[in-house]
$ cat protein_18.cif   # mmCIF, C-alpha atoms
data_work
loop_
_atom_site.label_atom_id
_atom_site.label_comp_id
_atom_site.auth_asym_id
_atom_site.auth_seq_id
_atom_site.Cartn_x
_atom_site.Cartn_y
_atom_site.Cartn_z
CA MET A 1 43.09 -17.51 -33.36
CA VAL A 2 39.98 -17.30 -31.21
CA LYS A 3 39.55 -20.24 -28.91
CA LYS A 4 36.43 -22.21 -29.70
CA ARG A 5 33.89 -22.16 -26.92
CA ARG A 6 33.07 -25.60 -25.51
CA LEU A 7 29.45 -26.59 -25.33
CA ARG A 8 28.44 -27.35 -21.76
CA LEU A 9 25.71 -29.87 -22.59
CA ILE A 10 25.21 -31.13 -19.05
CA ALA A 11 24.98 -27.60 -17.63
CA GLU A 12 22.52 -26.60 -20.35
CA MET A 13 20.39 -29.66 -19.73
CA ALA A 14 20.43 -28.99 -15.97
CA ARG A 15 19.31 -25.41 -16.58
CA LYS A 16 16.39 -26.58 -18.72
CA ILE A 17 15.36 -29.15 -16.11
CA ARG A 18 15.42 -26.51 -13.36
CA ALA A 19 13.36 -24.13 -15.49
CA TYR A 20 10.84 -26.90 -16.29
CA ARG A 21 10.47 -27.91 -12.64
CA GLU A 22 10.04 -24.29 -11.61
CA LEU A 23 7.35 -23.84 -14.26
CA LYS A 24 5.48 -26.99 -13.17
CA SER A 25 5.63 -26.07 -9.47
CA ARG A 26 4.44 -22.53 -10.09
CA PRO A 27 0.85 -22.03 -8.85
CA ARG A 28 -1.84 -21.26 -11.38
CA GLU A 29 -3.67 -17.94 -11.40
CA SER A 30 -6.78 -19.62 -9.99
CA GLN A 31 -4.75 -20.97 -7.06
CA LYS A 32 -2.67 -17.86 -6.49
CA TYR A 33 -5.57 -15.39 -6.43
CA ALA A 34 -8.27 -17.59 -4.88
CA LEU A 35 -10.10 -15.80 -2.09
CA ASP A 36 -12.09 -16.95 0.93
CA TYR A 37 -14.89 -14.39 1.09
CA GLU A 38 -15.70 -15.20 4.73
CA THR A 39 -12.24 -14.60 6.17
CA MET A 40 -11.02 -12.31 3.35
CA LYS A 41 -7.83 -14.37 3.08
CA ARG A 42 -6.08 -15.90 0.08
CA PRO A 43 -5.64 -19.63 0.88
CA HIS A 44 -2.42 -19.91 -1.11
CA THR A 45 -0.53 -17.23 0.84
CA GLU A 46 -2.70 -17.00 3.99
CA LYS A 47 -2.60 -13.22 3.60
CA MET A 48 -5.61 -11.09 4.45
CA LEU A 49 -6.84 -8.38 2.12
CA PRO A 50 -6.66 -4.76 3.35
CA VAL A 51 -9.75 -3.74 5.30
CA LEU A 52 -10.38 -0.83 2.92
CA ALA A 53 -10.82 -3.33 0.06
CA TRP A 54 -13.49 -5.47 1.76
CA GLN A 55 -16.39 -3.32 0.59
CA ASP A 56 -15.28 -3.44 -3.06
CA VAL A 57 -14.68 -7.20 -2.83
CA ARG A 58 -18.29 -7.73 -1.73
CA ARG A 59 -19.85 -5.29 -4.21
CA GLU A 60 -17.61 -5.20 -7.29
CA SER A 61 -16.47 -7.96 -9.67
CA ARG A 62 -13.22 -9.24 -11.10
CA LEU A 63 -12.75 -9.02 -14.86
CA PHE A 64 -12.99 -12.75 -15.55
CA SER A 65 -16.05 -13.06 -13.33
CA LEU A 66 -17.75 -10.81 -15.88
CA LEU A 67 -16.18 -12.41 -18.96
CA ALA A 68 -17.09 -15.97 -17.91
CA GLY A 69 -20.81 -15.23 -18.15
CA MET A 70 -20.70 -13.45 -21.52
CA ARG A 71 -20.96 -14.66 -25.08
CA MET A 72 -17.52 -15.16 -26.70
CA PHE A 73 -16.03 -14.16 -23.33
CA GLY A 74 -16.79 -10.50 -23.99
CA MET A 75 -14.75 -10.16 -27.18
CA GLY A 76 -15.12 -6.62 -28.54
CA ARG A 77 -16.91 -5.24 -25.46
CA LEU A 78 -15.74 -2.32 -23.34
CA PHE A 79 -14.76 -2.66 -19.68
CA THR A 80 -13.90 0.10 -17.25
CA ARG A 81 -12.85 0.23 -13.60
CA LYS A 82 -14.49 1.82 -10.59
CA SER A 83 -11.27 3.63 -9.69
CA TRP A 84 -11.15 5.20 -13.17
CA LEU A 85 -14.73 6.43 -12.85
CA GLU A 86 -13.86 8.10 -9.55
CA GLU A 87 -10.51 9.60 -10.65
CA HIS A 88 -11.13 10.72 -14.25
CA THR A 89 -13.93 12.69 -15.86
CA GLU A 90 -12.79 11.55 -19.31
CA PRO A 91 -13.76 8.03 -20.43
CA SER A 92 -11.19 5.34 -19.62
CA TYR A 93 -11.75 1.76 -20.69
CA TRP A 94 -10.35 -1.40 -22.27
CA GLN A 95 -11.71 -2.91 -25.48
CA ILE A 96 -11.18 -6.69 -25.32
CA THR A 97 -9.52 -8.23 -28.39
CA LYS A 98 -8.22 -11.58 -27.08
CA VAL A 99 -8.98 -13.82 -24.12
CA LYS A 100 -7.08 -16.86 -22.84
CA VAL A 101 -9.18 -18.65 -20.23
CA ASP A 102 -7.78 -20.92 -17.55
CA TYR A 103 -10.04 -23.94 -18.10
CA THR A 104 -8.69 -25.61 -14.95
CA ALA A 105 -10.37 -22.96 -12.80
CA GLU A 106 -13.62 -24.06 -11.19
CA ASN A 107 -15.84 -21.46 -12.88
CA MET A 108 -13.41 -20.53 -15.69
CA ASP A 109 -13.13 -17.11 -14.01
CA HIS A 110 -9.35 -16.80 -14.31
CA GLY A 111 -7.00 -16.25 -17.22
CA LYS A 112 -5.38 -13.54 -19.31
CA ALA A 113 -6.90 -10.90 -21.57
CA TRP A 114 -5.57 -8.49 -24.17
CA GLY A 115 -7.08 -5.33 -25.55
CA ILE A 116 -6.72 -1.69 -26.56
CA LEU A 117 -6.53 0.84 -23.75
CA THR A 118 -8.22 4.23 -23.88
CA LEU A 119 -7.11 6.36 -20.92
CA LYS A 120 -8.60 9.81 -20.34
CA GLY A 121 -10.10 9.72 -23.82
CA LYS A 122 -6.77 8.97 -25.56
CA GLN A 123 -6.65 5.63 -27.34
CA GLU A 124 -3.38 3.73 -27.59
CA SER A 125 -2.39 2.07 -30.85
CA GLU A 126 -0.90 -1.18 -29.53
CA VAL A 127 -2.71 -4.20 -28.15
CA LYS A 128 -1.55 -4.89 -24.59
CA GLU A 129 -2.24 -7.40 -21.87
CA LEU A 130 -4.69 -6.18 -19.25
CA ASP A 131 -3.21 -5.81 -15.80
CA LYS A 132 -4.89 -6.07 -12.39
CA VAL A 133 -7.56 -8.42 -13.76
CA MET A 134 -7.84 -10.04 -10.30
CA TYR A 135 -8.94 -6.77 -8.67
CA HIS A 136 -12.58 -6.47 -7.61
CA ASP A 137 -12.80 -3.22 -9.53
CA TRP A 138 -14.19 -4.02 -13.01
CA ARG A 139 -17.44 -2.96 -14.62
CA LEU A 140 -19.00 -3.71 -18.00
CA VAL A 141 -19.85 -0.66 -20.10
CA PRO A 142 -23.49 -0.91 -21.29
CA LYS A 143 -23.91 -1.10 -25.04
CA ARG A 144 -26.00 2.06 -25.10
CA MET A 145 -22.98 4.00 -23.76
CA GLU A 146 -20.24 2.44 -25.89
CA GLN A 147 -20.60 4.77 -28.89
CA GLN A 148 -20.78 7.82 -26.63
CA MET A 149 -17.47 6.86 -24.99
CA LYS A 150 -15.82 6.10 -28.34
CA ASP A 151 -16.89 9.45 -29.84
CA PHE A 152 -15.33 11.47 -26.99
CA GLU A 153 -12.65 13.89 -28.17
CA PRO A 154 -10.00 14.76 -25.55
CA LEU A 155 -8.91 18.32 -24.98
CA PRO A 156 -5.52 19.33 -26.42
CA GLU A 157 -2.60 19.07 -24.03
CA PRO A 158 -1.42 22.33 -22.45
CA PRO A 159 1.98 23.65 -23.56
CA VAL A 160 5.02 22.43 -21.68
CA ARG A 161 6.24 24.78 -18.97
CA TYR A 162 9.93 25.47 -18.42
CA VAL A 163 11.79 26.58 -15.30
CA PRO A 164 15.46 27.52 -14.75
CA TYR A 165 17.83 24.89 -13.39
CA PRO A 166 18.88 25.03 -9.72
CA PRO A 167 22.13 27.06 -9.30
CA LEU A 168 24.42 24.10 -8.59
CA LEU A 169 23.05 21.94 -11.41
CA ARG A 170 23.19 24.95 -13.77
CA ALA A 171 26.86 25.49 -12.95
CA MET A 172 27.60 21.81 -13.55
CA LEU A 173 25.87 21.88 -16.96
CA LEU A 174 27.70 25.02 -18.03
CA ALA A 175 31.07 23.60 -16.92
CA GLN A 176 30.39 20.30 -18.69
CA HIS A 177 29.43 22.08 -21.92
CA LYS A 178 32.49 24.31 -21.79
CA LYS A 179 34.75 21.30 -21.22
CA ALA A 180 33.21 19.32 -24.09
CA VAL A 181 32.80 22.11 -26.67
CA GLY A 182 35.33 24.68 -25.50
CA SER A 183 32.93 27.60 -25.46
CA VAL A 184 30.33 29.05 -23.17
CA LEU A 185 26.73 27.93 -23.69
CA ALA A 186 24.92 30.63 -25.66
CA GLU A 187 21.40 29.94 -24.33
CA GLU A 188 20.36 29.70 -20.73
CA PRO A 189 19.59 26.05 -19.84
CA ILE A 190 15.97 25.48 -18.87
CA LEU A 191 14.23 22.45 -17.41
CA PRO A 192 10.91 21.20 -18.91
CA LEU A 193 8.21 20.33 -16.38
CA LYS A 194 7.16 17.19 -18.25
CA ARG A 195 8.15 13.58 -17.76
CA ASP A 196 8.93 11.93 -21.08
CA VAL A 197 8.97 8.41 -19.63
CA LEU A 198 5.78 6.81 -18.32
CA LEU A 199 6.73 4.69 -15.30
CA ASN A 200 4.24 1.89 -15.91
CA LYS A 201 4.42 -1.89 -16.08
CA ASP A 202 5.66 -1.93 -19.69
CA TYR A 203 8.53 0.46 -18.90
CA PHE A 204 9.95 -1.74 -16.13
CA ARG A 205 9.47 -4.88 -18.28
CA ARG A 206 11.50 -3.28 -21.08
CA GLN A 207 14.20 -2.27 -18.58
CA GLU A 208 14.42 -5.85 -17.30
CA GLN A 209 14.65 -7.26 -20.83
CA GLU A 210 17.38 -4.76 -21.71
CA THR A 211 19.35 -5.75 -18.60
CA GLN A 212 19.06 -9.46 -19.40
CA ARG A 213 20.16 -8.84 -22.99
CA THR A 214 23.29 -6.93 -21.95
CA GLU A 215 24.29 -8.91 -18.86
CA GLY A 216 22.88 -12.32 -19.79
CA THR A 217 21.07 -14.85 -17.62
CA ALA A 218 22.97 -16.81 -14.97
CA VAL A 219 23.06 -20.60 -15.53
#
$ encode --input "protein_18.cif" --output "structure tokens"
Amino acid sequence: MVKKRRLRLIAEMARKIRAYRELKSRPRESQKYALDYETMKRPHTEKMLPVLAWQDVRRESRLFSLLAGMRMFGMGRLFTRKSWLEEHTEPSYWQITKVKVDYTAENMDHGKAWGILTLKGKQESEVKELDKVMYHDWRLVPKRMEQQMKDFEPLPEPPVRYVPYPPLLRAMLLAQHKKAVGSVLAEEPILPLKRDVLLNKDYFRRQEQETQRTEGTAV
């Protein structure tokens, strides 16, 4: 008979209290990313921005600085980034679908936004949260250029190239296959020069969630 697990009510209540206190003491986005434009320091952390970013800070805008002055906070409009314009010839932009404004901010220029990403002319199907909204790197796409960017058709991807495995790794694969199957591998193993996993913010978030689900969260 399986022993019934005792409910640790006090420990569970203590965990919830700690989580609530941590949430209440956590600084808001407007406090965390506030910037003194004279000293180029963030008052919350007393850290100075890199010198190479000073020019963009003075000339470019943050995303919510643009959204705060627009009707419906820019819902449905297209926004791109200066770095994308410099790095890619294909259109790259976000189409805003949802905005959650931090009304405690002085000018309501902080918050979270969600949208559909089009990177190098390829549009993603899922709505995602915009990252790096606090960067002084955002630009509004003029309405006269929106349809031109949406009608862009990306070039087809080149075929995947393959190269032979290094000698030691090839020998290990052949020995492992022979041990598992009992016969020599008929085809020569080749290595595709393409990364199937995109190492972005969503990938590491999924990895963290998978780790918490398997190992659990410490009380």
$ atom_distance --input "protein_18.cif" --atom1 "CA of Thr118 in chain A" --atom2 "CA of Val141 in chain A"
13.2 Å
$ residues_around --input "protein_18.cif" --residues "range 54-58 of chain A" --least-positions-apart "4" --cutoff "9 Å" --atoms "only C-alpha atoms" --output "PyMOL selection string"
chain A and resi 37+40+49-50+62+135-137
$ atom_distance --input "protein_18.cif" --atom1 "CA of Glu187 in chain A" --atom2 "CA of Val160 in chain A"
18.2 Å
$ closest_residue --input "protein_18.cif" --among "A:Met149, A:Arg144, A:Glu157, A:Ser30" --to "Val101 in chain A" --atoms "only C-alpha atoms"
A:Ser30
$ closest_residue --input "protein_18.cif" --among "A:Pro43, A:Gly182, A:Pro91, A:Pro166" --to "Gln148 in chain A" --atoms "only C-alpha atoms"
A:Pro91
$ residues_around --input "protein_18.cif" --residues "Glu87 in chain A" --least-positions-apart "6" --cutoff "12 Å" --atoms "all atoms listed in the file" --output "list of chain:residue names"
A:Arg81, A:Leu119, A:Lys120
$ residues_around --input "protein_18.cif" --residues "Phe79 in chain A" --least-positions-apart "6" --cutoff "9 Å" --atoms "all atoms listed in the file" --output "list in words"
Leu63, Ser92, Tyr93, Trp94, Gln95, Ile96, Trp138, Arg139, Leu140 and Val141 of chain A
$ atom_distance --input "protein_18.cif" --atom1 "CA of Lys82 in chain A" --atom2 "CA of Ala105 in chain A"
25.2 Å
$ closest_residue --input "protein_18.cif" --among "A:Thr97, A:Ser83, A:Ser65, A:Gln209" --to "Gly111 in chain A" --atoms "all atoms listed in the file"
A:Ser65
$ decode --input "protein_18.cif" --residues "range 49-185 of chain A" --atoms "C-alpha atoms" --output "compact mmCIF listing (two decimals), in the first residue's frame"
# COMPACT_ATOMS: atom_id res chain seq x y z
CA LEU A 49 25.20 52.65 -20.70
CA PRO A 50 27.97 51.65 -23.13
CA VAL A 51 29.53 54.64 -24.86
CA LEU A 52 28.70 53.19 -28.28
CA ALA A 53 24.99 53.38 -27.40
CA TRP A 54 24.95 57.07 -26.45
CA GLN A 55 24.36 58.29 -30.00
CA ASP A 56 21.37 55.99 -30.52
CA VAL A 57 19.94 56.94 -27.12
CA ARG A 58 19.94 60.62 -28.12
CA ARG A 59 18.63 60.09 -31.67
CA GLU A 60 16.44 56.97 -31.62
CA SER A 61 13.32 56.09 -29.59
CA ARG A 62 12.12 53.26 -27.40
CA LEU A 63 9.07 51.33 -28.56
CA PHE A 64 6.70 52.62 -25.90
CA SER A 65 7.88 56.19 -26.44
CA LEU A 66 6.39 55.82 -29.91
CA LEU A 67 3.29 53.88 -28.84
CA ALA A 68 2.37 56.36 -26.07
CA GLY A 69 1.78 59.15 -28.59
CA MET A 70 -0.28 57.10 -31.06
CA ARG A 71 -3.97 56.39 -31.36
CA MET A 72 -4.94 53.04 -29.77
CA PHE A 73 -1.26 52.71 -28.76
CA GLY A 74 -0.30 51.76 -32.30
CA MET A 75 -2.49 48.67 -32.59
CA GLY A 76 -2.11 47.17 -36.07
CA ARG A 77 0.84 49.37 -37.07
CA LEU A 78 4.27 48.13 -38.17
CA PHE A 79 7.46 48.84 -36.24
CA THR A 80 11.01 48.04 -37.25
CA ARG A 81 14.43 48.52 -35.67
CA LYS A 82 17.45 50.48 -36.80
CA SER A 83 19.70 47.44 -36.38
CA TRP A 84 17.44 45.42 -38.71
CA LEU A 85 17.59 48.13 -41.37
CA GLU A 86 21.38 48.05 -41.22
CA GLU A 87 21.78 44.25 -41.13
CA HIS A 88 19.06 42.98 -43.50
CA THR A 89 18.04 44.00 -46.99
CA GLU A 90 14.75 42.12 -46.61
CA PRO A 91 11.96 43.80 -44.61
CA SER A 92 11.91 42.91 -40.91
CA TYR A 93 9.22 44.29 -38.64
CA TRP A 94 6.67 43.64 -35.90
CA GLN A 95 2.92 44.11 -36.39
CA ILE A 96 1.42 45.10 -33.03
CA THR A 97 -1.63 43.07 -31.95
CA LYS A 98 -1.80 43.70 -28.18
CA VAL A 99 -0.42 46.31 -25.79
CA LYS A 100 -0.35 46.31 -21.98
CA VAL A 101 0.66 49.74 -20.74
CA ASP A 102 2.20 50.43 -17.35
CA TYR A 103 -0.11 53.24 -16.22
CA THR A 104 2.10 53.91 -13.19
CA ALA A 105 4.86 55.20 -15.47
CA GLU A 106 5.11 58.98 -15.67
CA ASN A 107 4.42 59.25 -19.41
CA MET A 108 2.90 55.77 -19.86
CA ASP A 109 5.98 54.93 -21.94
CA HIS A 110 6.60 51.50 -20.42
CA GLY A 111 4.80 48.18 -20.63
CA LYS A 112 4.57 45.01 -22.69
CA ALA A 113 3.54 44.47 -26.30
CA TRP A 114 2.67 41.45 -28.42
CA GLY A 115 2.65 41.04 -32.17
CA ILE A 116 3.52 39.01 -35.25
CA LEU A 117 7.16 39.02 -36.30
CA THR A 118 8.30 39.16 -39.91
CA LEU A 119 12.05 38.58 -40.12
CA LYS A 120 13.87 38.81 -43.47
CA GLY A 121 10.52 38.77 -45.25
CA LYS A 122 9.32 35.55 -43.56
CA GLN A 123 6.26 35.98 -41.38
CA GLU A 124 5.79 33.81 -38.30
CA SER A 125 2.40 32.32 -37.52
CA GLU A 126 2.32 32.75 -33.73
CA VAL A 127 1.77 35.92 -31.75
CA LYS A 128 4.76 36.57 -29.47
CA GLU A 129 5.81 39.12 -26.91
CA LEU A 130 8.16 41.77 -28.27
CA ASP A 131 11.61 41.71 -26.73
CA LYS A 132 14.10 44.55 -26.26
CA VAL A 133 11.31 47.14 -26.12
CA MET A 134 13.50 49.30 -23.84
CA TYR A 135 16.21 49.67 -26.50
CA HIS A 136 16.55 53.05 -28.20
CA ASP A 137 16.36 51.31 -31.56
CA TRP A 138 12.71 51.43 -32.71
CA ARG A 139 11.18 53.18 -35.70
CA LEU A 140 7.61 53.46 -36.95
CA VAL A 141 7.04 52.25 -40.50
CA PRO A 142 5.18 54.97 -42.49
CA LYS A 143 1.77 53.94 -43.74
CA ARG A 144 2.77 54.53 -47.35
CA MET A 145 5.43 51.79 -47.00
CA GLU A 146 3.39 49.22 -45.06
CA GLN A 147 1.81 47.51 -48.09
CA GLN A 148 5.14 47.42 -49.91
CA MET A 149 6.75 45.60 -46.97
CA LYS A 150 3.83 43.19 -46.62
CA ASP A 151 3.87 42.29 -50.33
CA PHE A 152 7.57 41.34 -50.27
CA GLU A 153 8.20 37.72 -51.28
CA PRO A 154 11.38 36.17 -49.83
CA LEU A 155 13.74 34.16 -51.98
CA PRO A 156 13.61 30.37 -51.58
CA GLU A 157 16.14 28.91 -49.16
CA PRO A 158 19.24 27.33 -50.69
CA PRO A 159 19.55 23.55 -50.43
CA VAL A 160 21.20 22.14 -47.34
CA ARG A 161 24.87 21.30 -47.76
CA TYR A 162 26.38 18.13 -46.31
CA VAL A 163 29.96 17.36 -45.29
CA PRO A 164 31.59 14.12 -44.05
CA TYR A 165 32.00 13.60 -40.32
CA PRO A 166 35.44 14.08 -38.73
CA PRO A 167 37.38 10.75 -38.63
CA LEU A 168 37.07 10.17 -34.88
CA LEU A 169 33.37 11.02 -34.72
CA ARG A 170 32.74 8.90 -37.84
CA ALA A 171 34.42 5.91 -36.19
CA MET A 172 32.34 6.39 -33.05
CA LEU A 173 29.08 6.52 -35.06
CA LEU A 174 29.97 3.40 -37.03
CA ALA A 175 30.93 1.50 -33.86
CA GLN A 176 27.74 2.60 -32.10
CA HIS A 177 25.58 1.51 -35.05
CA LYS A 178 27.32 -1.85 -35.30
CA LYS A 179 26.86 -2.44 -31.56
CA ALA A 180 23.16 -1.52 -31.65
CA VAL A 181 22.14 -3.19 -34.93
CA GLY A 182 24.84 -5.82 -35.37
CA SER A 183 25.76 -4.84 -38.91
CA VAL A 184 27.90 -2.28 -40.63
CA LEU A 185 26.24 0.97 -41.68
